[in-house]
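J.: Below: one structure in structure tokens.
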Amino acid sequence: MSPKIIPAAELMPHYEELLEAGAELPLVISGTSMTPFLRPGIDTVYLKKPEGMLRPGEIAFFHRMDGSHVLHRVWKTESGMYWFLGDAQDLVEGPLPEKSVFAYVTKIDRDGVSVTPKDRLWRFFAGPWRLTRGTRRRFWLRVWRIPQKLRRKKKEK
């Protein structure tokens with residue numbers, strides 16, 4: 001049986017209610033703004049309600065002012081406000097109020113293996129990768145794709 005795809009506008013009110021009650025919920029990633037760290041249609045993130053302000057580098061699920069739901073990394077915080085940045089993006093979004101964040105990512109299920117904030121890859125994207133802002137789209141994401149292209153060519157042979 002294949003998974004059912006439910007539009008975010010339909011699903012999120014139920015998720016928010018369950019998160020508010022203390023649940024930890026899985027969600028399969030659908031967008032590309034968090035690549036290369038999160039793979040759309042493949043990786044499952046686990047969401048939980050935050051207990052206070054999140055720190056820079058953590059991954060938050062938040063409401064934009066237009067009501068859309070977005071999963072991005074916290075770029076910075078200041079005076080109860082957040083600035084966000086997708087791992088595949090160079091444009092920082094914010095400031096948004098603390099109340100706009102309704103969940104954060106506690107772990108990722110990747111090919112049957114749990115990836116947590118203690119793992120090296122997660123720490124790389126939460127730390128040094130954040131410093132690549134401004135050069136990601138022009139350079140770093142192209143470099144990141146080279147090994148993927150080589151693996152695909154090897155599989156085709």
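Naming scheme: A, B, ... for chains in displayed order of the structure tokens; residues 1 onward per chain; ligands 1 onward as shown.
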With region 33-49 of chain A as the partner and 7 Å as the cut-off, tabulate the residues of region 90-116 of chain A that qualify, each row holding the nearest pair of atoms and their distance in Å to one decimal, using only C-alpha atoms, sorted by chain and rising number, as JSON lines.
T.:
```
{"residue": "A:Phe102", "atom": "CA", "partner": "A:Lys49", "partner_atom": "CA", "distance": 5.9}
{"residue": "A:Ala103", "atom": "CA", "partner": "A:Lys49", "partner_atom": "CA", "distance": 4.4}
{"residue": "A:Tyr104", "atom": "CA", "partner": "A:Leu47", "partner_atom": "CA", "distance": 5.4}
{"residue": "A:Val105", "atom": "CA", "partner": "A:Leu47", "partner_atom": "CA", "distance": 4.7}
{"residue": "A:Thr106", "atom": "CA", "partner": "A:Tyr46", "partner_atom": "CA", "distance": 5.7}
{"residue": "A:Lys107", "atom": "CA", "partner": "A:Tyr46", "partner_atom": "CA", "distance": 5.5}
{"residue": "A:Ile108", "atom": "CA", "partner": "A:Val45", "partner_atom": "CA", "distance": 4.4}
{"residue": "A:Asp109", "atom": "CA", "partner": "A:Thr44", "partner_atom": "CA", "distance": 5.0}
{"residue": "A:Arg110", "atom": "CA", "partner": "A:Asp43", "partner_atom": "CA", "distance": 5.2}
```
J.: Restricting it to N, CA and C atoms, dump the selection as a PDB file, in the first residue's frame.
T.:
```pdb
ATOM      1  N   PHE A 102       5.598  26.092  15.624  1.00  0.00           N
ATOM      2  CA  PHE A 102       4.729  25.157  16.318  1.00  0.00           C
ATOM      3  C   PHE A 102       5.365  23.783  16.495  1.00  0.00           C
ATOM      4  N   ALA A 103       6.531  23.542  15.884  1.00  0.00           N
ATOM      5  CA  ALA A 103       7.205  22.248  16.041  1.00  0.00           C
ATOM      6  C   ALA A 103       8.679  22.384  15.693  1.00  0.00           C
ATOM      7  N   TYR A 104       9.463  21.422  16.173  1.00  0.00           N
ATOM      8  CA  TYR A 104      10.865  21.331  15.781  1.00  0.00           C
ATOM      9  C   TYR A 104      11.171  19.865  15.490  1.00  0.00           C
ATOM     10  N   VAL A 105      12.245  19.621  14.764  1.00  0.00           N
ATOM     11  CA  VAL A 105      12.615  18.264  14.364  1.00  0.00           C
ATOM     12  C   VAL A 105      13.497  17.648  15.442  1.00  0.00           C
ATOM     13  N   THR A 106      13.083  16.472  15.931  1.00  0.00           N
ATOM     14  CA  THR A 106      13.846  15.765  16.964  1.00  0.00           C
ATOM     15  C   THR A 106      14.781  14.725  16.374  1.00  0.00           C
ATOM     16  N   LYS A 107      14.375  14.139  15.239  1.00  0.00           N
ATOM     17  CA  LYS A 107      15.208  13.146  14.556  1.00  0.00           C
ATOM     18  C   LYS A 107      14.689  12.967  13.142  1.00  0.00           C
ATOM     19  N   ILE A 108      15.468  12.263  12.344  1.00  0.00           N
ATOM     20  CA  ILE A 108      15.117  11.979  10.953  1.00  0.00           C
ATOM     21  C   ILE A 108      15.253  10.483  10.737  1.00  0.00           C
ATOM     22  N   ASP A 109      14.306   9.905  10.016  1.00  0.00           N
ATOM     23  CA  ASP A 109      14.414   8.509   9.608  1.00  0.00           C
ATOM     24  C   ASP A 109      14.918   8.521   8.173  1.00  0.00           C
ATOM     25  N   ARG A 110      16.128   8.002   7.987  1.00  0.00           N
ATOM     26  CA  ARG A 110      16.765   7.995   6.671  1.00  0.00           C
ATOM     27  C   ARG A 110      17.147   6.566   6.336  1.00  0.00           C
TER      28      ARG A 110
END
```
J.: Using only C-alpha atoms, find each residue of region 20-128 of chain A with at least one atom at most 9 Å away from an atom of region 4-14 of chain A; report its shortest atom-to-atom pair and that distance in Å (one decimal), sort the rows by chain and rising residue number, and return the result as CSV.
T.:
```
residue,atom,partner,partner_atom,distance
A:Gly67,CA,A:Ala9,CA,8.9
A:Ser68,CA,A:Ala9,CA,7.7
A:His69,CA,A:Ala8,CA,7.3
```
J.: Can you write just those residues out, C-alpha atoms, as a short mmCIF file (atom, residue, chain, number, x, y, z; two decimals), in the first residue's frame?
T.:
```cif
data_model
loop_
_atom_site.label_atom_id
_atom_site.label_comp_id
_atom_site.auth_asym_id
_atom_site.auth_seq_id
_atom_site.Cartn_x
_atom_site.Cartn_y
_atom_site.Cartn_z
CA GLY A 67 -0.45 31.07 6.68
CA SER A 68 1.71 28.58 4.75
CA HIS A 69 3.73 25.98 6.68
#
```
J.: Tell me which of A:Glu17, A:Asp87, A:Glu24, A:Asp111 sits closest to Pro128 (chain A), counting only C-alpha atoms.
T.: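 Once distances to Pro128 (chain A) are computed over only C-alpha atoms, the minimum belongs to A:Asp87.
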J.: I'd like to know which residues of chain A are strand (DSSP E or B) (by DSSP, run on the backbone); could you write them as a PDB file with C-alpha atoms, in the first residue's frame?
T.:
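This went into selection.pdb:
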```pdb
ATOM      1  CA  LEU A  25       4.684  12.940  14.922  1.00  0.00           C
ATOM      2  CA  PRO A  26       6.340  11.731  11.688  1.00  0.00           C
ATOM      3  CA  LEU A  27       6.175  13.712   8.464  1.00  0.00           C
ATOM      4  CA  VAL A  28       7.659  12.797   5.070  1.00  0.00           C
ATOM      5  CA  THR A  44      10.844  11.342   7.435  1.00  0.00           C
ATOM      6  CA  VAL A  45      11.236  13.978  10.137  1.00  0.00           C
ATOM      7  CA  TYR A  46       9.826  13.593  13.639  1.00  0.00           C
ATOM      8  CA  LEU A  47       8.183  16.706  15.035  1.00  0.00           C
ATOM      9  CA  LYS A  48       7.601  17.789  18.594  1.00  0.00           C
ATOM     10  CA  ILE A  59      15.108  22.758  12.364  1.00  0.00           C
ATOM     11  CA  ALA A  60      11.718  24.369  12.979  1.00  0.00           C
ATOM     12  CA  PHE A  61       8.269  23.997  11.464  1.00  0.00           C
ATOM     13  CA  PHE A  62       6.602  27.418  11.378  1.00  0.00           C
ATOM     14  CA  HIS A  63       3.774  29.497   9.933  1.00  0.00           C
ATOM     15  CA  HIS A  69       3.725  25.981   6.676  1.00  0.00           C
ATOM     16  CA  VAL A  70       7.499  25.811   6.241  1.00  0.00           C
ATOM     17  CA  LEU A  71      10.281  23.581   7.586  1.00  0.00           C
ATOM     18  CA  HIS A  72      13.595  25.497   7.737  1.00  0.00           C
ATOM     19  CA  ARG A  73      16.629  25.816   9.944  1.00  0.00           C
ATOM     20  CA  VAL A  74      16.758  28.540  12.596  1.00  0.00           C
ATOM     21  CA  TRP A  75      19.309  31.064  11.335  1.00  0.00           C
ATOM     22  CA  LYS A  76      19.278  33.338  14.369  1.00  0.00           C
ATOM     23  CA  THR A  77      17.136  34.404  17.312  1.00  0.00           C
ATOM     24  CA  GLU A  78      16.867  37.738  19.053  1.00  0.00           C
ATOM     25  CA  MET A  81      12.035  36.628  17.217  1.00  0.00           C
ATOM     26  CA  TYR A  82      13.285  34.051  14.695  1.00  0.00           C
ATOM     27  CA  TRP A  83      15.075  34.261  11.364  1.00  0.00           C
ATOM     28  CA  PHE A  84      15.002  31.127   9.171  1.00  0.00           C
ATOM     29  CA  LEU A  85      17.001  29.769   6.272  1.00  0.00           C
ATOM     30  CA  GLU A  93      13.407  34.923   6.212  1.00  0.00           C
ATOM     31  CA  GLY A  94      12.315  36.899   9.258  1.00  0.00           C
ATOM     32  CA  PRO A  95      11.906  38.230  11.766  1.00  0.00           C
ATOM     33  CA  LEU A  96       8.964  36.049  12.789  1.00  0.00           C
ATOM     34  CA  PRO A  97       7.585  35.880  16.330  1.00  0.00           C
ATOM     35  CA  VAL A 101       6.974  28.087  15.492  1.00  0.00           C
ATOM     36  CA  PHE A 102       4.729  25.157  16.318  1.00  0.00           C
ATOM     37  CA  ALA A 103       7.205  22.248  16.041  1.00  0.00           C
ATOM     38  CA  TYR A 104      10.865  21.331  15.781  1.00  0.00           C
ATOM     39  CA  VAL A 105      12.615  18.264  14.364  1.00  0.00           C
ATOM     40  CA  THR A 106      13.846  15.765  16.964  1.00  0.00           C
ATOM     41  CA  LYS A 107      15.208  13.146  14.556  1.00  0.00           C
ATOM     42  CA  ILE A 108      15.117  11.979  10.953  1.00  0.00           C
ATOM     43  CA  ASP A 109      14.414   8.509   9.608  1.00  0.00           C
ATOM     44  CA  ARG A 110      16.765   7.995   6.671  1.00  0.00           C
ATOM     45  CA  VAL A 113      18.331   4.622  10.301  1.00  0.00           C
ATOM     46  CA  SER A 114      17.656   7.408  12.824  1.00  0.00           C
ATOM     47  CA  VAL A 115      19.699  10.574  12.399  1.00  0.00           C
TER      48      VAL A 115
END
```
J.: What does the distance between CA of Gly80 (chain A) and CA of Pro56 (chain A) come to in Å, to one decimal place?
T.: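 CA of Pro56 (chain A) lies 12.7 Å from CA of Gly80 (chain A).
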J.: Which of these, A:Leu121, A:Leu54, A:Ala88, A:Leu131, has the shortest distance to Thr32 (chain A) once you count only C-alpha atoms?
T.: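 The closest residue to Thr32 (chain A) is A:Ala88.
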J.: Which one of A:Leu19, A:Ser79, A:Arg55, A:Gly86 sits closest to Gly31 (chain A) if you count only C-alpha atoms?
T.: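 Ranked by minimum distance to Gly31 (chain A), first place goes to A:Gly86.
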J.: Please identify the alpha helix (DSSP H) residues within chain A (assignment by DSSP from backbone atoms) and present them as a PyMOL selection string.
T.: chain A and resi 8-20+120-126+141-156
J.: Could you tell me how far CA of Ala23 (chain A) sits from CA of Phe124 (chain A), in Å to one decimal place?
T.: 27.9 Å
J.: In Å, with one decimal, what is the gap from CA of Asp66 (chain A) to CA of Leu91 (chain A)?
T.: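 Computing the Euclidean distance for CA of Asp66 (chain A) and CA of Leu91 (chain A) yields 17.5 Å.
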J.: Counting only C-alpha atoms, which of A:Ser100, A:Leu18, A:Phe125, A:Arg133 gets nearest to Met53 (chain A)?
T.: A:Ser100
